[in-house]
Structure formats: C-alpha cells, structure tokens
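Structure file final08.pdb (PDB, C-alpha atoms and all ligand atoms) follows.
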ATOM      1  CA  MET C  30      73.388 115.664 -81.131  1.00  0.00           C
ATOM      2  CA  ASP C  31      76.946 116.765 -81.812  1.00  0.00           C
ATOM      3  CA  GLY C  32      76.312 117.526 -85.466  1.00  0.00           C
ATOM      4  CA  ARG C  33      78.570 114.691 -86.654  1.00  0.00           C
ATOM      5  CA  ALA C  34      77.165 112.637 -89.515  1.00  0.00           C
ATOM      6  CA  SER C  35      76.302 109.304 -87.980  1.00  0.00           C
ATOM      7  CA  THR C  36      76.344 106.053 -89.940  1.00  0.00           C
ATOM      8  CA  ALA C  37      75.225 102.568 -88.971  1.00  0.00           C
ATOM      9  CA  THR C  38      78.904 101.558 -88.675  1.00  0.00           C
ATOM     10  CA  ASP C  39      79.620 104.438 -86.298  1.00  0.00           C
ATOM     11  CA  VAL C  40      76.765 103.440 -84.099  1.00  0.00           C
ATOM     12  CA  LYS C  41      77.840  99.794 -83.889  1.00  0.00           C
ATOM     13  CA  THR C  42      81.399 100.609 -82.885  1.00  0.00           C
ATOM     14  CA  LYS C  43      80.625 102.940 -79.967  1.00  0.00           C
ATOM     15  CA  VAL C  44      81.706 101.021 -76.871  1.00  0.00           C
ATOM     16  CA  GLY C  45      79.539 101.365 -73.807  1.00  0.00           C
ATOM     17  CA  PRO C  46      79.540 100.051 -70.261  1.00  0.00           C
ATOM     18  CA  VAL C  47      81.849  97.378 -68.906  1.00  0.00           C
ATOM     19  CA  ILE C  48      80.010  94.342 -67.564  1.00  0.00           C
ATOM     20  CA  LEU C  49      81.742  92.296 -64.871  1.00  0.00           C
ATOM     21  CA  LEU C  50      80.715  88.637 -65.009  1.00  0.00           C
ATOM     22  CA  GLY C  51      81.751  86.017 -62.500  1.00  0.00           C
ATOM     23  CA  ALA C  52      80.646  83.957 -59.535  1.00  0.00           C
ATOM     24  CA  PRO C  53      79.913  85.620 -56.170  1.00  0.00           C
ATOM     25  CA  GLY C  54      83.201  86.209 -54.337  1.00  0.00           C
ATOM     26  CA  ALA C  55      85.278  86.456 -57.530  1.00  0.00           C
ATOM     27  CA  GLY C  56      86.214  90.044 -56.675  1.00  0.00           C
ATOM     28  CA  LYS C  57      83.980  91.977 -59.080  1.00  0.00           C
ATOM     29  CA  GLY C  58      82.964  94.536 -56.458  1.00  0.00           C
ATOM     30  CA  THR C  59      86.566  95.088 -55.334  1.00  0.00           C
ATOM     31  CA  GLN C  60      87.723  95.708 -58.893  1.00  0.00           C
ATOM     32  CA  ALA C  61      84.773  97.930 -59.736  1.00  0.00           C
ATOM     33  CA  LYS C  62      85.494 100.119 -56.695  1.00  0.00           C
ATOM     34  CA  LEU C  63      89.227 100.331 -57.449  1.00  0.00           C
ATOM     35  CA  ILE C  64      88.586 101.318 -61.057  1.00  0.00           C
ATOM     36  CA  MET C  65      86.037 103.888 -59.977  1.00  0.00           C
ATOM     37  CA  GLN C  66      88.434 105.462 -57.445  1.00  0.00           C
ATOM     38  CA  ARG C  67      91.463 105.398 -59.699  1.00  0.00           C
ATOM     39  CA  TYR C  68      90.002 106.211 -63.106  1.00  0.00           C
ATOM     40  CA  GLY C  69      86.832 108.047 -62.199  1.00  0.00           C
ATOM     41  CA  ILE C  70      84.566 105.673 -64.110  1.00  0.00           C
ATOM     42  CA  PRO C  71      81.300 105.319 -62.181  1.00  0.00           C
ATOM     43  CA  GLN C  72      80.438 101.952 -60.655  1.00  0.00           C
ATOM     44  CA  ILE C  73      76.882 100.667 -60.665  1.00  0.00           C
ATOM     45  CA  SER C  74      76.384  97.651 -58.393  1.00  0.00           C
ATOM     46  CA  THR C  75      72.965  96.021 -58.199  1.00  0.00           C
ATOM     47  CA  GLY C  76      73.889  94.353 -54.901  1.00  0.00           C
ATOM     48  CA  ASP C  77      74.843  97.731 -53.367  1.00  0.00           C
ATOM     49  CA  ILE C  78      71.677  99.401 -54.701  1.00  0.00           C
ATOM     50  CA  LEU C  79      69.521  96.604 -53.274  1.00  0.00           C
ATOM     51  CA  ARG C  80      71.293  96.747 -49.885  1.00  0.00           C
ATOM     52  CA  ARG C  81      70.783 100.520 -49.799  1.00  0.00           C
ATOM     53  CA  ASN C  82      67.079 100.046 -50.552  1.00  0.00           C
ATOM     54  CA  ARG C  83      66.834  97.509 -47.743  1.00  0.00           C
ATOM     55  CA  ALA C  84      68.536  99.829 -45.285  1.00  0.00           C
ATOM     56  CA  GLU C  85      66.164 102.637 -46.284  1.00  0.00           C
ATOM     57  CA  LYS C  86      63.190 100.242 -46.116  1.00  0.00           C
ATOM     58  CA  THR C  87      61.877 101.201 -49.549  1.00  0.00           C
ATOM     59  CA  ALA C  88      59.186  99.087 -51.252  1.00  0.00           C
ATOM     60  CA  LEU C  89      61.875  97.617 -53.524  1.00  0.00           C
ATOM     61  CA  GLY C  90      64.097  96.834 -50.528  1.00  0.00           C
ATOM     62  CA  LYS C  91      61.260  95.064 -48.746  1.00  0.00           C
ATOM     63  CA  GLU C  92      60.424  93.004 -51.815  1.00  0.00           C
ATOM     64  CA  ALA C  93      64.043  92.057 -52.437  1.00  0.00           C
ATOM     65  CA  GLU C  94      65.068  91.056 -48.919  1.00  0.00           C
ATOM     66  CA  SER C  95      63.598  87.567 -48.676  1.00  0.00           C
ATOM     67  CA  TYR C  96      65.230  86.569 -51.963  1.00  0.00           C
ATOM     68  CA  MET C  97      68.591  88.021 -50.946  1.00  0.00           C
ATOM     69  CA  ASP C  98      68.608  86.348 -47.541  1.00  0.00           C
ATOM     70  CA  ALA C  99      67.790  83.002 -49.159  1.00  0.00           C
ATOM     71  CA  GLY C 100      70.664  83.359 -51.649  1.00  0.00           C
ATOM     72  CA  LYS C 101      68.219  83.597 -54.559  1.00  0.00           C
ATOM     73  CA  LEU C 102      68.122  86.099 -57.377  1.00  0.00           C
ATOM     74  CA  VAL C 103      65.616  88.930 -57.088  1.00  0.00           C
ATOM     75  CA  PRO C 104      62.939  88.584 -59.852  1.00  0.00           C
ATOM     76  CA  ASP C 105      63.922  89.955 -63.248  1.00  0.00           C
ATOM     77  CA  ASP C 106      61.073  92.465 -63.570  1.00  0.00           C
ATOM     78  CA  LEU C 107      62.104  94.251 -60.345  1.00  0.00           C
ATOM     79  CA  ILE C 108      65.772  94.340 -61.331  1.00  0.00           C
ATOM     80  CA  ILE C 109      65.105  95.456 -64.901  1.00  0.00           C
ATOM     81  CA  ARG C 110      62.863  98.334 -63.757  1.00  0.00           C
ATOM     82  CA  MET C 111      65.461  99.412 -61.201  1.00  0.00           C
ATOM     83  CA  MET C 112      68.318  99.274 -63.712  1.00  0.00           C
ATOM     84  CA  GLU C 113      66.501 101.158 -66.448  1.00  0.00           C
ATOM     85  CA  VAL C 114      66.503 104.125 -64.101  1.00  0.00           C
ATOM     86  CA  GLU C 115      70.097 103.620 -62.902  1.00  0.00           C
ATOM     87  CA  LEU C 116      71.519 103.147 -66.381  1.00  0.00           C
ATOM     88  CA  ALA C 117      69.727 106.027 -68.053  1.00  0.00           C
ATOM     89  CA  HIS C 118      72.913 108.123 -68.129  1.00  0.00           C
ATOM     90  CA  ALA C 119      75.565 105.445 -67.808  1.00  0.00           C
ATOM     91  CA  GLU C 120      77.680 105.186 -70.911  1.00  0.00           C
ATOM     92  CA  ASN C 121      81.066 104.217 -69.511  1.00  0.00           C
ATOM     93  CA  ALA C 122      80.035 102.796 -66.161  1.00  0.00           C
ATOM     94  CA  ILE C 123      81.470  99.623 -64.645  1.00  0.00           C
ATOM     95  CA  VAL C 124      78.395  97.488 -64.060  1.00  0.00           C
ATOM     96  CA  ASP C 125      78.837  94.935 -61.299  1.00  0.00           C
ATOM     97  CA  GLY C 126      76.192  92.301 -60.566  1.00  0.00           C
ATOM     98  CA  PHE C 127      74.036  92.968 -63.623  1.00  0.00           C
ATOM     99  CA  PRO C 128      72.914  91.326 -65.833  1.00  0.00           C
ATOM    100  CA  ARG C 129      72.598  88.030 -64.007  1.00  0.00           C
ATOM    101  CA  THR C 130      70.069  86.230 -66.197  1.00  0.00           C
ATOM    102  CA  ILE C 131      69.417  85.971 -69.940  1.00  0.00           C
ATOM    103  CA  PRO C 132      66.187  88.074 -69.707  1.00  0.00           C
ATOM    104  CA  GLN C 133      68.169  90.795 -67.858  1.00  0.00           C
ATOM    105  CA  ALA C 134      70.868  90.671 -70.551  1.00  0.00           C
ATOM    106  CA  GLU C 135      68.263  90.986 -73.291  1.00  0.00           C
ATOM    107  CA  ALA C 136      66.666  93.978 -71.576  1.00  0.00           C
ATOM    108  CA  PHE C 137      70.115  95.556 -71.108  1.00  0.00           C
ATOM    109  CA  ASP C 138      71.005  94.958 -74.770  1.00  0.00           C
ATOM    110  CA  ALA C 139      67.792  96.630 -75.891  1.00  0.00           C
ATOM    111  CA  LEU C 140      68.554  99.644 -73.717  1.00  0.00           C
ATOM    112  CA  LEU C 141      72.136  99.884 -75.027  1.00  0.00           C
ATOM    113  CA  ALA C 142      71.020  99.370 -78.626  1.00  0.00           C
ATOM    114  CA  ARG C 143      68.712 102.382 -78.298  1.00  0.00           C
ATOM    115  CA  LYS C 144      71.818 104.418 -77.416  1.00  0.00           C
ATOM    116  CA  GLY C 145      73.973 102.763 -80.084  1.00  0.00           C
ATOM    117  CA  LEU C 146      76.292 101.221 -77.478  1.00  0.00           C
ATOM    118  CA  VAL C 147      78.013  97.828 -77.315  1.00  0.00           C
ATOM    119  CA  PRO C 148      79.285  96.585 -73.925  1.00  0.00           C
ATOM    120  CA  LEU C 149      82.672  95.123 -73.070  1.00  0.00           C
ATOM    121  CA  ALA C 150      82.343  91.956 -70.960  1.00  0.00           C
ATOM    122  CA  VAL C 151      84.994  90.982 -68.415  1.00  0.00           C
ATOM    123  CA  VAL C 152      84.789  87.399 -67.167  1.00  0.00           C
ATOM    124  CA  PHE C 153      86.332  86.651 -63.763  1.00  0.00           C
ATOM    125  CA  ASP C 154      87.642  83.072 -64.005  1.00  0.00           C
ATOM    126  CA  VAL C 155      87.880  81.435 -60.614  1.00  0.00           C
ATOM    127  CA  ASP C 156      87.966  78.013 -59.000  1.00  0.00           C
ATOM    128  CA  TYR C 157      84.769  77.513 -56.962  1.00  0.00           C
ATOM    129  CA  SER C 158      86.535  75.826 -54.056  1.00  0.00           C
ATOM    130  CA  VAL C 159      88.125  79.113 -52.983  1.00  0.00           C
ATOM    131  CA  LEU C 160      84.940  81.143 -53.263  1.00  0.00           C
ATOM    132  CA  THR C 161      83.167  79.806 -50.200  1.00  0.00           C
ATOM    133  CA  GLU C 162      86.215  80.594 -48.069  1.00  0.00           C
ATOM    134  CA  ARG C 163      86.457  84.085 -49.551  1.00  0.00           C
ATOM    135  CA  ILE C 164      82.791  84.885 -49.016  1.00  0.00           C
ATOM    136  CA  THR C 165      82.203  83.368 -45.608  1.00  0.00           C
ATOM    137  CA  GLY C 166      85.503  84.706 -44.162  1.00  0.00           C
ATOM    138  CA  PRO C 167      84.702  88.392 -43.537  1.00  0.00           C
ATOM    139  CA  TRP C 168      83.077  89.428 -40.230  1.00  0.00           C
ATOM    140  CA  SER C 169      82.776  93.017 -39.134  1.00  0.00           C
ATOM    141  CA  ASN C 170      82.112  95.191 -36.122  1.00  0.00           C
ATOM    142  CA  PRO C 171      78.857  97.029 -36.943  1.00  0.00           C
ATOM    143  CA  ARG C 172      79.765  99.738 -34.412  1.00  0.00           C
ATOM    144  CA  THR C 173      83.178 100.694 -35.854  1.00  0.00           C
ATOM    145  CA  GLY C 174      83.220  99.071 -39.313  1.00  0.00           C
ATOM    146  CA  ARG C 175      86.423  97.129 -38.461  1.00  0.00           C
ATOM    147  CA  VAL C 176      86.632  94.028 -40.681  1.00  0.00           C
ATOM    148  CA  TYR C 177      88.177  90.636 -39.797  1.00  0.00           C
ATOM    149  CA  HIS C 178      88.603  87.456 -41.837  1.00  0.00           C
ATOM    150  CA  THR C 179      88.264  84.070 -40.148  1.00  0.00           C
ATOM    151  CA  LYS C 180      91.350  82.758 -41.953  1.00  0.00           C
ATOM    152  CA  PHE C 181      93.544  85.709 -42.912  1.00  0.00           C
ATOM    153  CA  ASN C 182      92.905  88.147 -40.065  1.00  0.00           C
ATOM    154  CA  PRO C 183      90.928  86.406 -37.311  1.00  0.00           C
ATOM    155  CA  PRO C 184      89.842  88.090 -34.074  1.00  0.00           C
ATOM    156  CA  ARG C 185      91.435  86.695 -30.870  1.00  0.00           C
ATOM    157  CA  VAL C 186      88.056  85.172 -29.908  1.00  0.00           C
ATOM    158  CA  ALA C 187      85.771  83.988 -32.721  1.00  0.00           C
ATOM    159  CA  GLY C 188      82.834  86.352 -33.229  1.00  0.00           C
ATOM    160  CA  ILE C 189      84.128  89.000 -30.787  1.00  0.00           C
ATOM    161  CA  ASP C 190      85.831  92.302 -31.626  1.00  0.00           C
ATOM    162  CA  ASP C 191      89.376  92.615 -30.207  1.00  0.00           C
ATOM    163  CA  GLU C 192      88.882  96.293 -29.361  1.00  0.00           C
ATOM    164  CA  ASP C 193      85.418  96.793 -27.885  1.00  0.00           C
ATOM    165  CA  GLY C 194      84.629  93.150 -26.943  1.00  0.00           C
ATOM    166  CA  GLY C 195      81.246  93.363 -28.707  1.00  0.00           C
ATOM    167  CA  PRO C 196      79.823  90.893 -31.240  1.00  0.00           C
ATOM    168  CA  LEU C 197      80.976  90.712 -34.860  1.00  0.00           C
ATOM    169  CA  VAL C 198      78.436  90.219 -37.627  1.00  0.00           C
ATOM    170  CA  GLN C 199      78.462  88.627 -41.050  1.00  0.00           C
ATOM    171  CA  ARG C 200      76.531  89.901 -44.100  1.00  0.00           C
ATOM    172  CA  PRO C 201      73.252  87.886 -43.831  1.00  0.00           C
ATOM    173  CA  ASP C 202      73.718  86.282 -47.248  1.00  0.00           C
ATOM    174  CA  ASP C 203      77.348  85.318 -46.543  1.00  0.00           C
ATOM    175  CA  SER C 204      76.662  82.296 -44.308  1.00  0.00           C
ATOM    176  CA  ALA C 205      78.035  78.998 -45.681  1.00  0.00           C
ATOM    177  CA  GLU C 206      74.532  77.672 -46.305  1.00  0.00           C
ATOM    178  CA  VAL C 207      73.390  80.718 -48.285  1.00  0.00           C
ATOM    179  CA  VAL C 208      76.656  80.890 -50.230  1.00  0.00           C
ATOM    180  CA  THR C 209      76.041  77.348 -51.535  1.00  0.00           C
ATOM    181  CA  LYS C 210      72.646  78.526 -52.814  1.00  0.00           C
ATOM    182  CA  ARG C 211      74.134  81.674 -54.364  1.00  0.00           C
ATOM    183  CA  LEU C 212      76.705  79.576 -56.250  1.00  0.00           C
ATOM    184  CA  ALA C 213      73.960  77.216 -57.492  1.00  0.00           C
ATOM    185  CA  GLU C 214      71.926  80.224 -58.708  1.00  0.00           C
ATOM    186  CA  TYR C 215      75.035  81.534 -60.446  1.00  0.00           C
ATOM    187  CA  ASP C 216      75.670  78.217 -62.216  1.00  0.00           C
ATOM    188  CA  GLU C 217      72.121  77.837 -63.370  1.00  0.00           C
ATOM    189  CA  LYS C 218      71.178  81.394 -64.324  1.00  0.00           C
ATOM    190  CA  THR C 219      74.277  83.597 -64.690  1.00  0.00           C
ATOM    191  CA  ALA C 220      77.048  81.348 -66.065  1.00  0.00           C
ATOM    192  CA  PRO C 221      75.201  80.992 -69.424  1.00  0.00           C
ATOM    193  CA  LEU C 222      75.742  84.733 -69.923  1.00  0.00           C
ATOM    194  CA  ILE C 223      79.440  84.124 -70.616  1.00  0.00           C
ATOM    195  CA  ALA C 224      78.651  82.277 -73.876  1.00  0.00           C
ATOM    196  CA  TYR C 225      75.899  84.819 -74.585  1.00  0.00           C
ATOM    197  CA  TYR C 226      78.317  87.761 -74.460  1.00  0.00           C
ATOM    198  CA  GLU C 227      81.108  85.864 -76.217  1.00  0.00           C
ATOM    199  CA  ARG C 228      78.763  85.690 -79.195  1.00  0.00           C
ATOM    200  CA  GLN C 229      78.021  89.377 -79.315  1.00  0.00           C
ATOM    201  CA  CYS C 230      80.739  91.639 -77.964  1.00  0.00           C
ATOM    202  CA  GLU C 231      84.379  91.719 -76.980  1.00  0.00           C
ATOM    203  CA  THR C 232      84.877  89.465 -73.969  1.00  0.00           C
ATOM    204  CA  VAL C 233      88.019  89.449 -71.833  1.00  0.00           C
ATOM    205  CA  HIS C 234      88.863  86.692 -69.367  1.00  0.00           C
ATOM    206  CA  VAL C 235      90.859  87.573 -66.254  1.00  0.00           C
ATOM    207  CA  ASN C 236      92.308  85.233 -63.648  1.00  0.00           C
ATOM    208  CA  ALA C 237      90.344  86.354 -60.608  1.00  0.00           C
ATOM    209  CA  LEU C 238      92.768  84.609 -58.269  1.00  0.00           C
ATOM    210  CA  GLY C 239      95.678  86.688 -59.493  1.00  0.00           C
ATOM    211  CA  GLU C 240      97.043  89.750 -57.703  1.00  0.00           C
ATOM    212  CA  ILE C 241      94.389  92.452 -57.288  1.00  0.00           C
ATOM    213  CA  ALA C 242      96.564  94.982 -59.167  1.00  0.00           C
ATOM    214  CA  ALA C 243      97.132  92.551 -62.050  1.00  0.00           C
ATOM    215  CA  VAL C 244      93.393  92.019 -62.451  1.00  0.00           C
ATOM    216  CA  THR C 245      92.800  95.804 -62.439  1.00  0.00           C
ATOM    217  CA  HIS C 246      95.546  96.233 -65.031  1.00  0.00           C
ATOM    218  CA  ALA C 247      94.037  93.565 -67.306  1.00  0.00           C
ATOM    219  CA  ILE C 248      90.647  95.293 -67.194  1.00  0.00           C
ATOM    220  CA  ILE C 249      91.941  98.831 -67.666  1.00  0.00           C
ATOM    221  CA  ALA C 250      94.088  97.777 -70.626  1.00  0.00           C
ATOM    222  CA  LYS C 251      90.934  96.726 -72.445  1.00  0.00           C
ATOM    223  CA  LEU C 252      88.828  99.755 -71.676  1.00  0.00           C
ATOM    224  CA  PRO C 253      87.806 101.838 -74.651  1.00  0.00           C
ATOM    225  CA  ASP C 254      89.965 104.862 -75.283  1.00  0.00           C
ATOM    226  CA  THR C 255      87.466 107.512 -74.388  1.00  0.00           C
ATOM    227  CA  GLY C 256      89.968 110.169 -73.507  1.00  0.00           C
ATOM    228  CA  VAL C 257      88.597 110.003 -69.964  1.00  0.00           C
ATOM    229  CA  VAL C 258      90.770 107.088 -68.966  1.00  0.00           C
ATOM    230  CA  THR C 259      94.564 107.296 -68.810  1.00  0.00           C
ATOM    231  CA  LYS C 260      95.638 103.749 -69.437  1.00  0.00           C
ATOM    232  CA  PRO C 261      98.463 102.175 -67.424  1.00  0.00           C
TER     233      PRO C 261
HETATM  234  P1  LIG F 301      75.860  90.812 -54.798  1.00  0.00           P
HETATM  235  O1  LIG F 301      76.314  91.776 -53.767  1.00  0.00           O
HETATM  236  O2  LIG F 301      76.100  91.295 -56.215  1.00  0.00           O
HETATM  237  O3  LIG F 301      76.394  89.414 -54.603  1.00  0.00           O
HETATM  238  O4  LIG F 301      74.260  90.723 -54.662  1.00  0.00           O
HETATM  239  C1  LIG F 301      73.664  90.304 -53.464  1.00  0.00           C
HETATM  240  C2  LIG F 301      72.272  89.740 -53.742  1.00  0.00           C
HETATM  241  O5  LIG F 301      71.456  90.725 -54.359  1.00  0.00           O
HETATM  242  C3  LIG F 301      72.229  88.558 -54.698  1.00  0.00           C
HETATM  243  O6  LIG F 301      72.501  87.330 -54.044  1.00  0.00           O
HETATM  244  C4  LIG F 301      70.801  88.638 -55.210  1.00  0.00           C
HETATM  245  O7  LIG F 301      69.869  88.175 -54.244  1.00  0.00           O
HETATM  246  C5  LIG F 301      70.599  90.133 -55.328  1.00  0.00           C
HETATM  247  N1  LIG F 301      70.994  90.629 -56.674  1.00  0.00           N
HETATM  248  C6  LIG F 301      72.024  91.475 -56.976  1.00  0.00           C
HETATM  249  N2  LIG F 301      72.068  91.720 -58.291  1.00  0.00           N
HETATM  250  C7  LIG F 301      71.048  91.025 -58.852  1.00  0.00           C
HETATM  251  C8  LIG F 301      70.567  90.847 -60.187  1.00  0.00           C
HETATM  252  N3  LIG F 301      71.166  91.460 -61.234  1.00  0.00           N
HETATM  253  N4  LIG F 301      69.502  90.043 -60.381  1.00  0.00           N
HETATM  254  C9  LIG F 301      68.881  89.433 -59.345  1.00  0.00           C
HETATM  255  N5  LIG F 301      69.279  89.541 -58.075  1.00  0.00           N
HETATM  256  C10 LIG F 301      70.355  90.331 -57.819  1.00  0.00           C
END
Before we go any further, please render this structure as structure tokens.
Amino acid sequence: MDGRASTATDVKTKVGPVILLGAPGAGKGTQAKLIMQRYGIPQISTGDILRRNRAEKTALGKEAESYMDAGKLVPDDLIIRMMEVELAHAENAIVDGFPRTIPQAEAFDALLARKGLVPLAVVFDVDYSVLTERITGPWSNPRTGRVYHTKFNPPRVAGIDDEDGGPLVQRPDDSAEVVTKRLAEYDEKTAPLIAYYERQCETVHVNALGEIAAVTHAIIAKLPDTGVVTKP
C-alpha cells in the first residue's frame, strides 16, 4: 500500500499489461523483444516458456510437446496454471501469445481485476497469405545459430549451411503442414478475442506488414505513461 486513498475509479483506470493479439507469424514476438530491449518492459511469451520447458524436459514441457508439434493449442488448464505463476508480478509486461482462447482471457481478466489492472490490447492486422511464407521461411544451423530464409536469404544449397556444410533445421511446428493447422486454431479459438477485448479495454490495431520500426512506434505511442517508458 502506498497510503494513497484509493477509489473505485482509480482502480479501474490503472493500465496493466499489453496483450499482443494476432495470427502466428504476424511479428508479435519480434515486437515484444524489441520493446523489451529498447524500453526495458519485460516480455512474457507463452511460446518461449513452453519451448524452454520442453528443452528442460519438465513435466509441463512433456505434456505440451505433442500439442505444439501438431500445431494445436496446449490445453487451457495447463496454460492458465503456468501463467498465474508467470504473471504474479507483471504489471507492465508485454504479453505475447497469451491469452489465446476465451477461457484464458477470462482467467487473465480475473487475475488483473484482483490487482485493479486493465490491459491494453494491440491487434496485429495481417493478410494470411503472407504468413505461411513468413513462418516456413526460416531455417537455422543448430550448431552456430546462423539463420537463413528460403526466400529472402537462402543458403547456396537448400537445407545445408554455407559455412560448415552441415544440415539446417526448421522449428518443428514451422513446417507448412503444421502452419496450416496453427492458422486454423487461431481462426477458431484466438480471433474471437479481438471482439472480446474491443468490448472491454482500449484496443489498437497495427498494420503488421508495415516497417518493423513503424509497428514498434505505433505500440509505444499507446503505452501508458508510467514514467518508466520514454515515448518516441
Ligand atoms: P508461439 O511461439 O506463440 O507461436 O507458440 C508455439 C506453440 O505453443 C503454439 O502453437 C501452441 O501449441 C503453444 N502455445 C503458446 N501459447 C499458448 C497459449 N496461450 N495457449 C495454448 N497453447 C499455446
């Protein structure tokens, strides 16, 4: 408690985390990382947390992997439990990849309401036809981390690293077949969240196909003036 008299109006106007909503491949992760690096606002990415759990072979990671590899959403109860822990201290975080279903959004709202916070939602508008190309394009060298793109920066020989001649790999859920499933999951379960948030908090639409810096600028300009962020 800071000793300030708190009223119901105060509580309703406190702005909390920024939720990034948009189809897979729309650039949410890229923006979240840029904003974190540049403005020091922490990023919380459910996809990154799940991948870390898989790499560390935790019980959660093992449960999540078959869903992830099939391009399906991990069940709500697992995600909600995981995020209640992650979000316990996150007031101004950029949340990327969560919520992805109405039950997740309702659980998130309840958690924020207990803290008297209202989120800001950023919707990444994007034409689906470009997403598959964006997602399936990157291949990397697991030994050095060097990243290629089949269209924009291809290796001399498909699937082979120019430098060490070893094989390149793709993220398992980035194959064309799995991407189609991920987009279908998005349409069915996540896209309805746009109307959901439009009804209850400030919602900003950004053109996700615009310049990366322009998208960052559009998001930062809308961030609450917390004194932590120096706006552009
Ligand atoms: P991402 O890197 O955000 O595209 O997430 C990769 C995969 O992790 C998704 O395709 C889902 O299988 C899973 N995942 C990430 N976030 C969530 C979430 N909020 N709810 C359910 N599954 C998720």
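Using only C-alpha atoms, the protein and nucleic acid residues lying no more than 8 Å from Lys218 of chain C, apart from those fewer than 5 places from it along its own chain, are Arg129, Thr130 and Ile131 of chain C.
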### Task
Give the residues close to ligand LIG 301 (chain F), within 8 Å, counting only C-alpha atoms and all ligand atoms; write them as a ChimeraX atom specification.
/C:53-54,58,74-77,79-80,93-94,96-105,108,125-130,133,202,211
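Residues within 12 Å of Asp154 of chain C, counting all atoms listed in the file and excluding same-chain residues fewer than 6 positions away, are Leu49, Leu50, Gly51, Ala52, Pro53, Gly54, Ala55, Gly56, Lys57, Leu160, Ala220, Ile223, Val233, His234, Val235, Asn236, Ala237, Leu238, Gly239 and Val244 of chain C.
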### Task
State, in Å with one decimal place, the distance from atom CA of Leu107 of chain C to atom CA of Ser204 of chain C.
24.7 Å
### Query
So which residues get picked by the PyMOL selection byres (((chain C and resi 181-192) around 12) and not hetatm) here, written as an MDAnalysis selection string?
chainID C and resid 162:163 165:180 193:199
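Near His118 of chain C, within a cut-off of 12 Å and counting all atoms listed in the file, sit the residues Gly45, Pro46, Pro71, Ile73, Met112, Glu113, Val114, Glu115, Asn121, Ala122, Leu140, Leu141 and Lys144 of chain C, with same-chain residues fewer than 3 positions away left out.
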Generate a file for segment 223-239 of chain C, containing N, CA and C atoms, as a short mmCIF file (atom, residue, chain, number, x, y, z; two decimals), in the first residue's frame.
data_model
loop_
_atom_site.label_atom_id
_atom_site.label_comp_id
_atom_site.auth_asym_id
_atom_site.auth_seq_id
_atom_site.Cartn_x
_atom_site.Cartn_y
_atom_site.Cartn_z
N ILE C 223 -10.37 -10.73 -30.37
CA ILE C 223 -10.27 -9.33 -30.81
C ILE C 223 -11.57 -8.60 -30.42
N ALA C 224 -12.72 -9.20 -30.78
CA ALA C 224 -14.00 -8.57 -30.42
C ALA C 224 -14.17 -8.54 -28.90
N TYR C 225 -13.69 -9.58 -28.24
CA TYR C 225 -13.79 -9.66 -26.78
C TYR C 225 -13.08 -8.47 -26.13
N TYR C 226 -11.83 -8.21 -26.56
CA TYR C 226 -11.10 -7.09 -25.96
C TYR C 226 -11.62 -5.74 -26.43
N GLU C 227 -12.11 -5.68 -27.68
CA GLU C 227 -12.66 -4.40 -28.15
C GLU C 227 -13.82 -3.95 -27.26
N ARG C 228 -14.51 -4.93 -26.68
CA ARG C 228 -15.64 -4.58 -25.80
C ARG C 228 -15.17 -4.09 -24.44
N GLN C 229 -13.97 -4.49 -24.02
CA GLN C 229 -13.65 -4.15 -22.63
C GLN C 229 -12.39 -3.36 -22.32
N CYS C 230 -11.57 -3.05 -23.29
CA CYS C 230 -10.42 -2.21 -22.97
C CYS C 230 -9.97 -1.49 -24.24
N GLU C 231 -9.01 -0.60 -24.09
CA GLU C 231 -8.52 0.10 -25.28
C GLU C 231 -7.83 -0.92 -26.19
N THR C 232 -8.17 -0.85 -27.46
CA THR C 232 -7.62 -1.80 -28.43
C THR C 232 -7.03 -1.01 -29.60
N VAL C 233 -5.78 -1.28 -29.92
CA VAL C 233 -5.11 -0.57 -31.01
C VAL C 233 -4.84 -1.55 -32.13
N HIS C 234 -5.13 -1.16 -33.35
CA HIS C 234 -4.80 -2.02 -34.50
C HIS C 234 -3.53 -1.50 -35.16
N VAL C 235 -2.60 -2.41 -35.45
CA VAL C 235 -1.40 -2.00 -36.19
C VAL C 235 -1.31 -2.84 -37.46
N ASN C 236 -0.74 -2.22 -38.51
CA ASN C 236 -0.54 -2.95 -39.76
C ASN C 236 0.73 -3.77 -39.62
N ALA C 237 0.55 -5.08 -39.41
CA ALA C 237 1.71 -5.93 -39.11
C ALA C 237 2.63 -6.11 -40.31
N LEU C 238 2.19 -5.69 -41.49
CA LEU C 238 3.06 -5.81 -42.66
C LEU C 238 3.86 -4.53 -42.90
N GLY C 239 3.65 -3.56 -42.05
CA GLY C 239 4.40 -2.31 -42.19
C GLY C 239 5.85 -2.51 -41.75
#
